[in-house]
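Asker: Please find work_29.cif (mmCIF, C-alpha atoms) on the next line:
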data_my_file
loop_
_atom_site.label_atom_id
_atom_site.label_comp_id
_atom_site.auth_asym_id
_atom_site.auth_seq_id
_atom_site.Cartn_x
_atom_site.Cartn_y
_atom_site.Cartn_z
CA MET W 1 201.13 97.43 -17.03
CA THR W 2 204.07 95.17 -16.46
CA GLY W 3 203.74 92.15 -14.19
CA GLU W 4 200.18 91.39 -15.17
CA ALA W 5 199.32 88.06 -16.75
CA SER W 6 198.13 88.13 -20.30
CA GLU W 7 194.72 86.75 -21.17
CA VAL W 8 194.26 83.25 -22.55
CA VAL W 9 191.40 82.64 -24.96
CA LEU W 10 189.15 79.87 -23.64
CA SER W 11 185.92 78.69 -25.20
CA LYS W 12 183.13 76.97 -23.32
CA GLN W 13 184.11 73.79 -25.17
CA ASP W 14 187.68 74.15 -23.86
CA LEU W 15 186.28 74.34 -20.33
CA ARG W 16 184.08 71.30 -20.98
CA GLU W 17 187.09 69.27 -22.19
CA VAL W 18 189.17 70.22 -19.15
CA THR W 19 186.26 69.42 -16.85
CA ALA W 20 185.67 66.02 -18.43
CA PHE W 21 189.34 65.18 -17.89
CA ALA W 22 189.19 66.35 -14.27
CA ALA W 23 185.97 64.42 -13.61
CA ALA W 24 187.46 61.22 -15.06
CA CYS W 25 190.56 61.63 -12.89
CA ALA W 26 188.52 62.17 -9.73
CA GLU W 27 186.08 59.39 -10.53
CA ALA W 28 188.97 56.90 -10.70
CA VAL W 29 189.57 57.29 -6.94
CA LEU W 30 186.06 58.02 -5.68
CA GLU W 31 185.83 54.54 -4.16
CA ILE W 32 188.71 55.45 -1.82
CA PHE W 33 186.53 58.08 -0.19
CA GLU W 34 183.36 56.01 -0.32
CA ALA W 35 185.01 52.98 1.31
CA GLY W 36 185.10 54.81 4.63
CA ARG W 37 182.00 56.95 4.18
CA PRO W 38 179.55 55.07 1.95
CA ASP W 39 176.67 57.31 3.04
CA ASP W 40 178.45 60.58 2.19
CA SER W 41 177.58 61.42 -1.40
CA ARG W 42 179.18 64.87 -1.52
CA PRO W 43 182.27 63.94 -3.58
CA ARG W 44 180.14 61.83 -5.94
CA GLU W 45 177.75 64.76 -6.40
CA ALA W 46 180.68 67.11 -7.17
CA ILE W 47 181.94 64.72 -9.84
CA GLY W 48 178.39 64.36 -11.18
CA ALA W 49 178.06 68.13 -11.44
CA ALA W 50 181.38 68.28 -13.28
CA TRP W 51 180.21 65.62 -15.74
CA GLU W 52 176.93 67.49 -16.21
CA PHE W 53 178.82 70.64 -17.18
CA ALA W 54 181.23 68.69 -19.40
CA ARG W 55 178.26 67.19 -21.26
CA GLY W 56 176.62 70.52 -22.01
CA GLY W 57 175.26 71.83 -18.71
CA GLU W 58 175.70 75.35 -17.47
CA ARG W 59 178.37 76.69 -15.18
CA GLY W 60 176.71 77.92 -12.04
CA LYS W 61 175.50 77.36 -8.51
CA LEU W 62 175.42 73.55 -8.66
CA LEU W 63 179.14 73.38 -9.45
CA ARG W 64 180.06 75.87 -6.74
CA ASP W 65 177.84 74.23 -4.13
CA THR W 66 179.04 70.71 -4.84
CA ALA W 67 182.70 71.82 -4.84
CA VAL W 68 182.23 73.39 -1.40
CA ALA W 69 180.41 70.27 -0.20
CA ALA W 70 183.23 68.03 -1.44
CA LEU W 71 185.71 70.26 0.42
CA LYS W 72 183.68 69.79 3.60
CA ALA W 73 183.63 66.03 2.96
CA ALA W 74 187.44 66.12 2.68
CA GLN W 75 187.63 67.86 6.04
CA SER W 76 185.64 65.04 7.63
CA ALA W 77 187.43 62.19 5.85
CA ASP W 78 188.63 59.26 7.96
CA THR W 79 191.99 58.87 6.20
CA SER W 80 194.47 60.98 4.29
CA ALA W 81 193.75 58.95 1.16
CA ALA W 82 190.02 59.63 1.48
CA ARG W 83 190.73 63.33 2.00
CA GLU W 84 192.80 63.48 -1.20
CA ALA W 85 190.06 61.64 -3.11
CA ALA W 86 187.48 64.18 -1.91
CA TRP W 87 189.82 67.01 -2.90
CA ALA W 88 190.03 65.45 -6.36
CA ALA W 89 186.23 65.62 -6.55
CA MET W 90 186.26 69.23 -5.37
CA SER W 91 188.84 70.05 -8.03
CA ALA W 92 186.71 68.43 -10.73
CA ALA W 93 183.75 70.62 -9.81
CA GLY W 94 186.08 73.64 -9.80
CA ALA W 95 187.63 72.89 -13.20
CA PRO W 96 184.97 74.86 -15.13
CA TYR W 97 186.22 77.97 -13.33
CA LEU W 98 189.59 77.96 -15.07
CA HIS W 99 190.40 81.64 -15.45
CA PRO W 100 191.65 83.00 -18.78
CA LEU W 101 194.83 84.37 -17.21
CA ALA W 102 198.24 83.11 -18.32
CA LYS W 103 199.31 82.29 -14.78
CA ALA W 104 200.92 79.05 -13.64
CA THR W 105 198.46 78.81 -10.76
CA GLN W 106 195.61 78.30 -13.24
CA VAL W 107 197.13 74.94 -14.19
CA LYS W 108 195.69 73.64 -10.90
CA HIS W 109 192.21 73.93 -12.46
CA ILE W 110 193.35 71.67 -15.29
CA LEU W 111 195.51 69.14 -13.43
CA GLY W 112 194.52 69.47 -9.77
CA ALA W 113 191.97 66.65 -9.80
CA GLY W 114 194.52 64.35 -11.40
CA ALA W 115 197.24 65.24 -8.89
CA TYR W 116 194.94 64.74 -5.90
CA ALA W 117 193.74 61.45 -7.39
CA ALA W 118 197.31 60.22 -7.86
CA ARG W 119 198.13 61.15 -4.28
CA ALA W 120 195.04 59.33 -3.00
CA ALA W 121 196.14 56.23 -4.90
CA GLU W 122 199.63 56.49 -3.37
CA LEU W 123 198.31 56.84 0.14
CA VAL W 124 195.89 53.94 -0.11
CA ALA W 125 198.89 51.85 -1.24
CA GLY W 126 200.85 52.72 1.90
CA ASP W 127 202.40 55.92 0.50
CA ASP W 128 203.97 54.02 -2.38
CA ARG W 129 205.15 56.76 -4.73
CA SER W 130 205.47 54.35 -7.64
CA VAL W 131 201.68 53.93 -7.48
CA GLY W 132 201.24 57.69 -7.93
CA VAL W 133 203.60 57.67 -10.89
CA GLU W 134 201.66 54.77 -12.45
CA HIS W 135 198.43 56.69 -11.87
CA VAL W 136 199.91 59.73 -13.63
CA GLU W 137 200.93 57.50 -16.56
CA ARG W 138 197.31 56.36 -16.94
CA MET W 139 196.12 59.98 -16.85
CA LEU W 140 198.55 60.89 -19.62
CA HIS W 141 196.65 58.46 -21.85
CA ARG W 142 193.29 59.79 -20.66
CA ALA W 143 193.99 63.40 -21.67
CA THR W 144 192.51 64.35 -25.02
CA PRO W 145 194.33 66.55 -27.55
CA ALA W 146 191.93 69.33 -26.55
CA VAL W 147 193.05 69.13 -22.91
CA VAL W 148 196.70 69.20 -23.97
CA ASP W 149 195.97 72.21 -26.20
CA VAL W 150 194.38 74.13 -23.32
CA LEU W 151 197.20 73.21 -20.96
CA THR W 152 199.87 74.51 -23.33
CA ARG W 153 198.23 77.95 -23.38
CA PHE W 154 199.32 78.35 -19.76
CA PRO W 155 202.76 78.47 -18.14
CA ALA W 156 204.08 75.26 -16.58
CA ALA W 157 202.60 74.14 -13.26
CA PRO W 158 203.90 76.17 -10.32
CA GLY W 159 206.42 75.00 -7.74
CA GLY W 160 205.47 74.03 -4.22
CA GLY W 161 202.39 72.16 -3.11
CA GLY W 162 204.14 69.20 -1.50
CA ARG W 163 203.66 65.78 -3.02
CA VAL W 164 200.45 66.83 -4.79
CA GLY W 165 202.42 69.66 -6.41
CA GLU W 166 205.10 67.19 -7.49
CA LEU W 167 202.47 64.93 -9.06
CA MET W 168 200.89 67.91 -10.82
CA ARG W 169 204.25 68.91 -12.27
CA LEU W 170 204.88 65.31 -13.34
CA LEU W 171 201.52 65.25 -15.12
CA ASP W 172 202.18 68.68 -16.63
CA ALA W 173 205.62 67.63 -17.88
CA GLY W 174 204.16 64.45 -19.38
CA LEU W 175 201.35 66.20 -21.22
CA ARG W 176 203.13 69.20 -22.74
CA PRO W 177 205.30 67.19 -25.15
CA LEU W 178 202.10 65.61 -26.53
CA ALA W 179 201.18 68.98 -28.04
CA SER W 180 203.94 68.70 -30.59
CA THR W 181 202.87 65.18 -31.64
CA GLU W 182 199.16 65.87 -32.08
#
Starting from the coordinates I provided, produce the structure as structure tokens.
Answerer:
Amino acid sequence: MTGEASEVVLSKQDLREVTAFAAACAEAVLEIFEAGRPDDSRPREAIGAAWEFARGGERGKLLRDTAVAALKAAQSADTSAAREAAWAAMSAAGAPYLHPLAKATQVKHILGAGAYAARAAELVAGDDRSVGVEHVERMLHRATPAVVDVLTRFPAAPGGGGRVGELMRLLDAGLRPLASTE
């Protein structure tokens, strides 16, 4: 059938690499959420579940439950920056569910946590976009060759998505050229 996305081959180790990257990105801004809600552990638990999977755990109920809980934490966040930080945590817990379909929307599973984290950093700095760009630069160095390899199996990040979408495309555009230098 025409119009259907082709399948991308993904191993469990590929998913673990992507999840470790997402967890590291989200963890970098966790304190933004926790500053306003130190007693709300839901984003921290989502990142912990992502790390557990990345380090050899199984993909299952814990990841799904903590991702949903981090989403609910985002909905109750005191600031926009805290909301974005919680969304980064939710995205980290969702990273293991990257689908093997060659669709641009799947790139959100790989880079979503990083884009939300960069946006959280911008907002906490008074919506300073240069802070988001600097955050993306740091993430470019954090991505392993395995993450870059998985990313390049998918089409480029999709359009739209506001500033978070812009940051995701910036991260995507910065990582893809690394595939040819690995």
Asker: Please write the residues picked by the PyMOL selection byres ((chain W and resi 167) around 10) on this file as JSON, numbers by chain.
Answerer: {"W": [111, 112, 114, 115, 116, 117, 118, 119, 129, 132, 133, 135, 136, 161, 162, 163, 164, 165, 166, 168, 169, 170, 171, 172, 173]}
Asker: Translate the PyMOL selection byres ((chain W and resi 178) around 12) into a concrete residue list for this structure, as a list of chain:residue names.
Answerer: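 Selected by the PyMOL selection byres ((chain W and resi 178) around 12) in this file: W:Leu140, W:His141, W:Ala143, W:Thr144, W:Pro145, W:Ala146, W:Val147, W:Val148, W:Asp149, W:Val150, W:Leu151, W:Thr152, W:Leu171, W:Asp172, W:Ala173, W:Gly174, W:Leu175, W:Arg176, W:Pro177, W:Ala179, W:Ser180, W:Thr181, W:Glu182.
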Asker: Could you tell me how far CA of Met139 in chain W sits from CA of Phe21 in chain W, in Å to one decimal place?
Answerer: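 Those two atoms sit 8.6 Å apart.
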Asker: If the PyMOL selection byres ((chain W and resi 45-57) around 8) is run on the structure shown, which residues does it catch, given as number ranges by chain?
Answerer: W: 15-17, 19-20, 23, 26-27, 41-44, 58-59, 62-63, 66-67, 69-70, 89-90, 92-96
Asker: Rounded to one decimal in Å, what is the spacing between CA of Arg64 in chain W and CA of Ala156 in chain W?
Answerer: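 According to the coordinates, CA of Arg64 in chain W and CA of Ala156 in chain W are separated by 26.0 Å.
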Asker: Find the distance between CA of Cys25 in chain W and CA of Pro155 in chain W and write it in Å to one decimal.
Answerer: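 Between CA of Cys25 in chain W and CA of Pro155 in chain W the gap is 21.4 Å.
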Asker: Write out as a list in words each polymer residue whose atoms come within 10 Å of Val9 in chain W, counting all atoms listed in the file; drop sequence neighbours fewer than 5 positions from it.
Answerer: Asp14, His99, Pro100, Leu101, Ala102, Val150 and Arg153 of chain W
Asker: Quick one: what's the axis-aligned box for range 29-45 of chain W, all listed atoms, 3 Å on every side, centre and edges in Å to one decimal, as JSON?
Answerer:
{"center_x": 183.1, "center_y": 58.9, "center_z": -1.2, "size_x": 18.9, "size_y": 17.9, "size_z": 17.6}
Asker: Pick the closest to Glu31 in chain W from W:Ala157, W:Ile110, W:Lys103, W:Ala86: which is it, counting all atoms listed in the file?
Answerer: W:Ala86
